[in-house]
$ cat protein.cif   # mmCIF, C-alpha atoms
data_data
#
loop_
_atom_site.label_atom_id
_atom_site.label_comp_id
_atom_site.auth_asym_id
_atom_site.auth_seq_id
_atom_site.Cartn_x
_atom_site.Cartn_y
_atom_site.Cartn_z
CA MET A 21 90.48 285.20 117.04
CA THR A 22 88.91 282.41 118.98
CA ALA A 23 85.33 283.32 118.10
CA THR A 24 85.01 280.59 115.50
CA LEU A 25 85.95 277.82 117.93
CA SER A 26 83.30 275.92 119.82
CA PRO A 27 83.67 274.05 123.07
CA GLY A 28 84.11 270.32 122.77
CA VAL A 29 86.25 270.46 119.65
CA THR A 30 90.01 270.24 119.65
CA SER A 31 91.71 271.81 116.66
CA TYR A 32 95.19 270.93 115.46
CA ALA A 33 97.35 273.07 113.25
CA THR A 34 100.93 273.04 112.02
CA PRO A 35 101.67 276.71 111.28
CA THR A 36 105.40 276.08 110.83
CA ASP A 37 107.64 273.07 110.17
CA ARG A 38 108.48 272.62 113.80
CA GLU A 39 105.25 273.52 115.58
CA VAL A 40 101.96 271.96 116.49
CA VAL A 41 99.21 274.16 117.83
CA VAL A 42 96.44 272.49 119.78
CA THR A 43 93.43 274.68 120.54
CA ARG A 44 90.42 273.98 122.69
CA VAL A 45 87.67 276.15 124.15
CA VAL A 46 86.30 275.20 127.54
CA ASP A 47 83.27 276.37 129.47
CA ALA A 48 85.01 277.82 132.51
CA PRO A 49 86.59 281.06 133.68
CA ARG A 50 90.24 281.58 132.92
CA HIS A 51 91.56 281.45 136.50
CA LEU A 52 89.98 278.04 136.98
CA VAL A 53 91.41 276.71 133.72
CA PHE A 54 94.84 278.01 134.66
CA ASP A 55 94.61 276.15 137.97
CA ALA A 56 93.42 272.97 136.27
CA TRP A 57 96.53 273.10 134.05
CA THR A 58 99.10 274.04 136.64
CA ASP A 59 98.04 272.62 140.02
CA PRO A 60 99.16 269.05 140.83
CA ARG A 61 95.89 268.50 142.67
CA HIS A 62 94.00 269.05 139.43
CA VAL A 63 96.23 267.83 136.60
CA PRO A 64 96.02 264.06 137.38
CA GLN A 65 92.23 264.34 137.19
CA TRP A 66 92.20 264.98 133.47
CA LEU A 67 95.58 264.96 131.67
CA LEU A 68 95.35 261.23 131.06
CA GLY A 69 95.07 260.76 127.32
CA PRO A 70 93.20 257.68 126.14
CA GLU A 71 91.26 255.39 128.48
CA GLY A 72 93.12 253.19 130.89
CA TRP A 73 95.84 255.50 132.19
CA THR A 74 96.31 257.14 135.57
CA MET A 75 98.87 259.71 136.71
CA PRO A 76 100.35 258.50 140.00
CA VAL A 77 103.10 261.13 140.00
CA CYS A 78 102.46 264.81 139.32
CA GLU A 79 105.00 267.34 140.54
CA ILE A 80 104.86 270.99 139.49
CA ASP A 81 107.08 273.65 141.00
CA LEU A 82 105.21 276.54 139.44
CA ARG A 83 107.77 279.32 139.12
CA PRO A 84 110.30 280.37 136.48
CA GLY A 85 113.27 278.09 137.04
CA GLY A 86 111.07 275.41 138.60
CA SER A 87 110.60 271.93 137.23
CA TRP A 88 107.76 269.52 136.61
CA ARG A 89 107.40 265.77 136.25
CA TYR A 90 104.49 263.53 135.30
CA VAL A 91 104.37 259.76 135.38
CA TRP A 92 101.48 257.92 133.76
CA ARG A 93 100.68 254.31 134.46
CA LYS A 94 98.55 251.87 132.58
CA SER A 95 96.64 249.07 134.26
CA ASN A 96 99.10 246.54 132.82
CA GLY A 97 101.98 248.31 134.60
CA THR A 98 103.42 250.17 131.61
CA GLU A 99 104.70 253.55 132.67
CA MET A 100 105.47 256.70 130.75
CA ALA A 101 107.31 259.65 132.22
CA MET A 102 107.69 263.22 131.10
CA SER A 103 109.51 266.05 132.75
CA GLY A 104 110.85 269.49 132.07
CA ALA A 105 111.58 272.96 133.29
CA ILE A 106 109.24 275.85 133.85
CA LEU A 107 110.47 278.89 131.98
CA GLU A 108 107.71 281.42 132.39
CA VAL A 109 104.55 281.77 134.49
CA VAL A 110 102.07 284.61 134.03
CA ARG A 111 99.02 283.76 136.09
CA PRO A 112 96.34 283.30 134.83
CA GLU A 113 97.20 283.72 131.17
CA ARG A 114 100.37 281.96 130.17
CA MET A 115 102.95 279.32 130.99
CA VAL A 116 106.06 278.27 129.07
CA THR A 117 107.74 274.96 129.82
CA THR A 118 110.21 272.53 128.34
CA GLU A 119 109.20 268.91 127.94
CA ARG A 120 111.15 265.73 127.47
CA TRP A 121 110.11 262.07 127.37
CA GLY A 122 113.53 260.77 128.21
CA PRO A 123 117.23 261.45 127.85
CA GLU A 124 117.28 260.46 124.18
CA TRP A 125 114.13 262.20 123.12
CA PRO A 126 114.37 265.76 121.83
CA GLU A 127 113.13 268.49 124.07
CA THR A 128 110.11 270.57 123.11
CA ILE A 129 109.16 274.05 124.26
CA ASN A 130 105.51 274.24 125.17
CA THR A 131 103.65 277.52 125.45
CA VAL A 132 100.12 277.46 126.77
CA VAL A 133 98.03 280.61 126.57
CA PHE A 134 94.63 281.04 128.18
CA THR A 135 92.41 283.62 126.50
CA GLU A 136 89.15 284.85 128.02
CA SER A 137 86.20 284.83 125.69
CA GLY A 138 83.07 285.78 127.61
CA GLU A 139 82.52 283.05 130.16
CA ARG A 140 84.65 280.67 128.17
CA THR A 141 88.38 280.20 127.94
CA ALA A 142 90.39 279.33 124.88
CA ILE A 143 93.44 277.17 125.56
CA THR A 144 96.14 277.50 122.93
CA LEU A 145 99.00 275.08 123.34
CA THR A 146 101.95 275.56 121.02
CA ILE A 147 104.51 272.78 121.00
CA LEU A 148 107.81 273.66 119.37
CA TYR A 149 109.91 270.64 118.32
CA PRO A 150 113.64 270.78 117.58
CA SER A 151 113.06 269.45 114.07
CA ARG A 152 110.34 268.70 111.59
CA GLU A 153 111.12 264.97 111.83
CA ALA A 154 110.61 264.97 115.59
CA ARG A 155 107.33 266.79 115.22
CA ASP A 156 106.03 264.52 112.49
CA ALA A 157 106.93 261.45 114.51
CA ALA A 158 105.05 262.80 117.50
CA LEU A 159 102.10 263.72 115.35
CA GLU A 160 102.06 260.25 113.80
CA THR A 161 101.93 261.76 110.34
CA GLY A 162 105.37 260.38 109.62
CA MET A 163 104.56 257.06 111.19
CA LYS A 164 101.27 256.50 109.56
CA ASP A 165 102.43 255.14 106.23
CA GLY A 166 105.28 252.99 107.38
CA ILE A 167 104.28 251.79 110.74
CA GLU A 168 100.56 251.41 110.46
CA GLN A 169 101.06 249.28 107.42
CA SER A 170 103.51 247.25 109.44
CA PHE A 171 100.98 246.88 112.20
CA GLY A 172 98.58 245.18 109.85
CA ARG A 173 101.25 242.68 108.94
CA LEU A 174 102.34 242.37 112.54
CA ASP A 175 98.85 241.61 113.72
CA ARG A 176 98.57 238.85 111.18
CA LEU A 177 101.99 237.55 112.14
CA LEU A 178 101.16 237.56 115.82
CA ARG A 179 97.93 235.73 115.18
CA THR A 180 99.73 232.97 113.35
CA MET A 181 102.24 232.69 116.20
CA ARG A 182 99.62 231.98 118.87
CA MET B 640 117.29 246.20 132.41
CA GLN B 641 115.53 249.24 131.09
CA THR B 642 112.43 250.50 132.77
CA ALA B 643 109.33 250.87 130.67
CA PRO B 644 109.55 254.69 130.36
CA ASP B 645 113.16 254.52 129.17
CA ARG B 646 112.30 251.90 126.61
CA LEU B 647 109.41 253.96 125.31
CA SER B 648 111.68 256.99 124.93
CA ALA B 649 114.21 254.92 123.04
CA THR B 650 111.42 253.63 120.83
CA PHE B 651 110.17 257.11 120.04
CA PHE B 652 113.67 258.25 119.24
CA ALA B 653 114.18 255.29 116.92
CA LEU B 654 110.91 255.96 115.12
CA ALA B 655 111.65 259.64 114.61
CA ASP B 656 113.82 258.81 111.59
CA PRO B 657 112.22 258.00 108.21
CA THR B 658 114.98 255.58 107.20
CA ARG B 659 114.53 253.58 110.36
CA ARG B 660 110.80 253.50 109.82
CA ALA B 661 111.44 252.20 106.31
CA ILE B 662 113.72 249.49 107.71
CA LEU B 663 110.99 248.43 110.12
CA THR B 664 108.46 248.33 107.34
CA ARG B 665 110.77 246.08 105.36
CA LEU B 666 111.28 243.82 108.38
CA ALA B 667 107.55 243.59 108.92
CA ALA B 668 107.51 241.59 105.71
CA GLY B 669 110.06 239.13 107.11
CA ALA B 670 113.60 238.74 108.44
CA ALA B 671 116.44 240.27 106.42
CA THR B 672 120.20 240.47 106.56
CA VAL B 673 122.07 243.78 106.79
CA LYS B 674 122.98 243.44 103.14
CA GLU B 675 119.37 242.88 102.15
CA LEU B 676 118.30 245.84 104.22
CA ALA B 677 120.90 248.11 102.69
CA ALA B 678 120.04 247.30 99.07
CA PRO B 679 116.63 249.00 98.59
CA PHE B 680 117.64 252.04 100.61
CA GLU B 681 120.84 252.70 98.65
CA MET B 682 122.79 253.01 101.84
CA SER B 683 126.28 251.96 102.79
CA GLY B 684 126.71 249.02 105.15
CA PRO B 685 127.97 251.23 107.99
CA ALA B 686 125.04 253.64 107.55
CA VAL B 687 122.58 250.78 107.80
CA SER B 688 124.43 249.32 110.76
CA LYS B 689 124.16 252.61 112.58
CA HIS B 690 120.40 252.67 112.10
CA LEU B 691 120.16 249.04 113.11
CA ARG B 692 122.01 249.72 116.35
CA VAL B 693 119.48 252.41 117.26
CA LEU B 694 116.61 250.07 116.44
CA GLU B 695 118.20 247.26 118.38
CA ARG B 696 118.73 249.42 121.43
CA ALA B 697 115.07 250.40 121.30
CA GLY B 698 114.15 246.72 121.31
CA LEU B 699 112.49 247.07 117.91
CA ILE B 700 114.59 244.46 116.17
CA ALA B 701 116.42 241.32 117.17
CA ARG B 702 119.34 239.45 115.69
CA GLY B 703 119.08 235.92 114.45
CA ARG B 704 121.48 233.28 115.76
CA GLN B 705 122.86 232.05 112.45
CA ALA B 706 126.40 233.36 112.73
CA GLN B 707 126.99 233.87 109.06
CA TRP B 708 123.88 235.81 108.12
CA ARG B 709 122.54 237.19 111.36
CA PRO B 710 119.20 238.20 109.87
CA ARG B 711 117.30 240.89 111.70
CA THR B 712 113.72 240.37 112.76
CA LEU B 713 111.09 242.80 113.91
CA GLU B 714 110.09 242.86 117.57
CA ALA B 715 106.46 243.82 117.94
CA ALA B 716 106.02 244.69 121.62
CA PRO B 717 107.54 248.21 121.71
CA LEU B 718 105.64 249.17 118.57
CA LYS B 719 102.40 248.30 120.25
CA GLU B 720 103.25 250.46 123.23
CA VAL B 721 104.09 253.33 120.94
CA ALA B 722 100.88 252.89 119.00
CA GLU B 723 98.99 253.15 122.25
CA TRP B 724 100.86 256.19 123.37
CA ALA B 725 102.49 258.64 120.98
CA GLY B 726 101.15 257.30 117.77
CA GLU B 727 98.02 258.80 119.19
CA PHE B 728 98.87 262.45 119.72
CA ARG B 729 95.37 263.52 118.83
CA ARG B 730 93.79 260.79 120.86
CA PHE B 731 95.85 261.93 123.85
CA TRP B 732 94.60 265.49 123.64
CA ASP B 733 91.06 264.61 122.62
CA GLY B 734 90.81 262.23 125.58
CA SER B 735 92.41 264.64 128.01
CA TYR B 736 90.30 267.61 126.95
CA LYS B 737 87.12 265.58 127.15
CA ARG B 738 88.02 264.82 130.74
CA LEU B 739 88.98 268.44 131.38
CA ASP B 740 85.52 269.55 130.24
CA ALA B 741 83.89 267.18 132.72
CA TYR B 742 86.34 268.11 135.47
CA LEU B 743 85.86 271.86 135.02
CA HIS B 744 82.12 271.31 135.08
CA HIS B 745 82.47 269.34 138.30
CA LEU B 746 84.60 272.09 139.88
CA GLN B 747 81.96 274.68 139.04
CA HIS B 748 78.92 272.55 139.89
CA PRO B 749 80.06 270.03 142.49
CA GLU B 750 76.51 269.32 143.63
CA GLU B 751 75.35 268.24 140.15
CA SER B 752 77.77 265.53 139.21
CA ASP B 753 78.37 264.18 142.71
CA ASP B 754 75.43 261.83 143.08
CA ARG B 755 77.32 259.45 145.31
CA HIS B 756 76.84 261.79 148.27
CA SER B 757 74.27 260.29 150.58
#

$ encode --input "protein.cif" --output "structure tokens"
Amino acid sequence: MTATLSPGVTSYATPTDREVVVTRVVDAPRHLVFDAWTDPRHVPQWLLGPEGWTMPVCEIDLRPGGSWRYVWRKSNGTEMAMSGAILEVVRPERMVTTERWGPEWPETINTVVFTESGERTAITLTILYPSREARDAALETGMKDGIEQSFGRLDRLLRTMR
Amino acid sequence: MQTAPDRLSATFFALADPTRRAILTRLAAGAATVKELAAPFEMSGPAVSKHLRVLERAGLIARGRQAQWRPRTLEAAPLKEVAEWAGEFRRFWDGSYKRLDAYLHHLQHPEESDDRHS
């Protein structure tokens, strides 16, 4: 159950080889949380990741068979787009979507479930990747050893190039 | 020319493979020829070339001009973009959920957080 989770803490789990489960408890009633997740008026207010990004494009056709598309933009002009299909909508408790970062990137199936817990709501997001490799890359676990090490060297290299 | 989102997707795709990550790690230490890259990984030339093509398309490596050796070098820019974005899965959700907390609070108590009303 969600009783052990506190607000303000995001928990991450990998129950299977291809899944990541992200759980968070928020201090708000379920219908409001559902709207915050699924209404294009609300989503660009918070689904922004680290500092410095905005979401100038947010389109959600909230019905089974509908589609969605988000575009994030950083102050330096870098853009990142994601889009997908909406497979299932059960207001206010559940939504299933597909998600893709681009034509070459594997598609994930994302299931978000909103569970009432008193006056709070638990948000359980399960992301199903097509392979373990794809999941690990997204989770940075696979990248950490190789790439982060490279970054250290790269930083030094870039400094000497200036 | 590729737009930034397309390039990021290509970068993510390239990084999803452990062999390609290993190649990048090797190149971070300095330029290398295809033959040099193939040696430690016990791969055939064509197998390495295939990986190199993916990396090249993602803008992660470049080819030297010396016709005979054509050493590959690492290109840093896309890696930095990735580090900022997907390398930070947790940071993405931690940051977003922190904002969601504040936003949900604002929706429920608009009078509290809106001190710019005057």

$ closest_residue --input "protein.cif" --among "A:Asp37, A:Glu71, A:Glu139, A:Glu108" --to "A:Arg50" --atoms "only C-alpha atoms"
A:Glu139

$ residues_near_point --input "protein.cif" --point "(93.2, 278.2, 138.6)" --cutoff "12 Å" --atoms "all atoms listed in the file" --output "NGL selection string"
(:A and (48-63 or 110-114 or 134 or 141)) or (:B and (743 or 746-747))

$ write_last_selection --input "protein.cif" --atoms "C-alpha atoms" --output "CSV table (one decimal), in the frame of the given file"
chain,number,residue,atom,x,y,z
A,48,ALA,CA,85.0,277.8,132.5
A,49,PRO,CA,86.6,281.1,133.7
A,50,ARG,CA,90.2,281.6,132.9
A,51,HIS,CA,91.6,281.4,136.5
A,52,LEU,CA,90.0,278.0,137.0
A,53,VAL,CA,91.4,276.7,133.7
A,54,PHE,CA,94.8,278.0,134.7
A,55,ASP,CA,94.6,276.2,138.0
A,56,ALA,CA,93.4,273.0,136.3
A,57,TRP,CA,96.5,273.1,134.0
A,58,THR,CA,99.1,274.0,136.6
A,59,ASP,CA,98.0,272.6,140.0
A,60,PRO,CA,99.2,269.0,140.8
A,61,ARG,CA,95.9,268.5,142.7
A,62,HIS,CA,94.0,269.0,139.4
A,63,VAL,CA,96.2,267.8,136.6
A,110,VAL,CA,102.1,284.6,134.0
A,111,ARG,CA,99.0,283.8,136.1
A,112,PRO,CA,96.3,283.3,134.8
A,113,GLU,CA,97.2,283.7,131.2
A,114,ARG,CA,100.4,282.0,130.2
A,134,PHE,CA,94.6,281.0,128.2
A,141,THR,CA,88.4,280.2,127.9
B,743,LEU,CA,85.9,271.9,135.0
B,746,LEU,CA,84.6,272.1,139.9
B,747,GLN,CA,82.0,274.7,139.0

$ atom_distance --input "protein.cif" --atom1 "atom CA of A:Leu159" --atom2 "atom CA of A:Val41"
11.1 Å

$ resolve_selection --input "protein.cif" --expression "the PyMOL selection byres ((chain A and resi 70) around 6)" --output "PyMOL selection string"
(chain A and resi 69+71) or (chain B and resi 731+734)

$ closest_residue --input "protein.cif" --among "B:Ala686, B:Leu718, B:Ala677, B:Ala671" --to "chain A" --atoms "all atoms listed in the file"
B:Leu718

$ residues_around --input "protein.cif" --residues "B:Thr658" --least-positions-apart "6" --cutoff "10 Å" --atoms "all atoms listed in the file" --output "number ranges by chain"
B: 664, 680, 682, 687, 690

$ residues_around --input "protein.cif" --residues "stretch 696-699 of chain B" --least-positions-apart "4" --cutoff "8 Å" --atoms "only C-alpha atoms" --output "number ranges by chain"
B: 646-647, 649-650, 653, 692, 713-718

$ residues_around --input "protein.cif" --residues "B:Ser688" --least-positions-apart "6" --cutoff "12 Å" --atoms "all atoms listed in the file" --output "compact mmCIF listing (two decimals) with C-alpha atoms, keeping the file's coordinate frame"
# COMPACT_ATOMS: atom_id res chain seq x y z
CA THR B 658 114.98 255.58 107.20
CA ARG B 659 114.53 253.58 110.36
CA ILE B 662 113.72 249.49 107.71
CA THR B 672 120.20 240.47 106.56
CA VAL B 673 122.07 243.78 106.79
CA LYS B 674 122.98 243.44 103.14
CA GLU B 675 119.37 242.88 102.15
CA LEU B 676 118.30 245.84 104.22
CA ALA B 677 120.90 248.11 102.69
CA MET B 682 122.79 253.01 101.84
CA LEU B 694 116.61 250.07 116.44
CA GLU B 695 118.20 247.26 118.38
CA ARG B 711 117.30 240.89 111.70

$ residues_around --input "protein.cif" --residues "A:Ser87" --least-positions-apart "4" --cutoff "7 Å" --atoms "all atoms listed in the file" --output "PDB file with C-alpha atoms, in the frame of the given file"
ATOM      1  CA  ILE A  80     104.860 270.990 139.490  1.00  0.00           C
ATOM      2  CA  ASP A  81     107.080 273.650 141.000  1.00  0.00           C
ATOM      3  CA  GLY A 104     110.850 269.490 132.070  1.00  0.00           C
ATOM      4  CA  ALA A 105     111.580 272.960 133.290  1.00  0.00           C
ATOM      5  CA  ILE A 106     109.240 275.850 133.850  1.00  0.00           C
TER       6      ILE A 106
END

$ resolve_selection --input "protein.cif" --expression "the PyMOL selection byres ((chain B and resi 701) around 6)" --output "list in words"
Ile700, Arg702, Arg711 and Thr712 of chain B

$ write_last_selection --input "protein.cif" --atoms "C-alpha atoms" --output "PDB file, in the coordinates of the input"
ATOM      1  CA  ILE B 700     114.590 244.460 116.170  1.00  0.00           C
ATOM      2  CA  ARG B 702     119.340 239.450 115.690  1.00  0.00           C
ATOM      3  CA  ARG B 711     117.300 240.890 111.700  1.00  0.00           C
ATOM      4  CA  THR B 712     113.720 240.370 112.760  1.00  0.00           C
TER       5      THR B 712
END

$ closest_residue --input "protein.cif" --among "A:Val40, A:Met100, A:Val46, A:Val77" --to "A:Glu136" --atoms "all atoms listed in the file"
A:Val46

$ atom_distance --input "protein.cif" --atom1 "atom CA of B:Arg738" --atom2 "atom CA of A:Gly86"
26.6 Å

$ atom_distance --input "protein.cif" --atom1 "atom CA of B:His748" --atom2 "atom CA of A:Cys78"
24.8 Å

$ closest_residue --input "protein.cif" --among "B:Pro685, B:Tyr742, B:Tyr736, B:Ala655" --to "A:Ala142" --atoms "all atoms listed in the file"
B:Tyr736

$ closest_residue --input "protein.cif" --among "A:Pro150, A:Glu119, A:Ser26, A:Gly97" --to "A:Thr43" --atoms "all atoms listed in the file"
A:Ser26
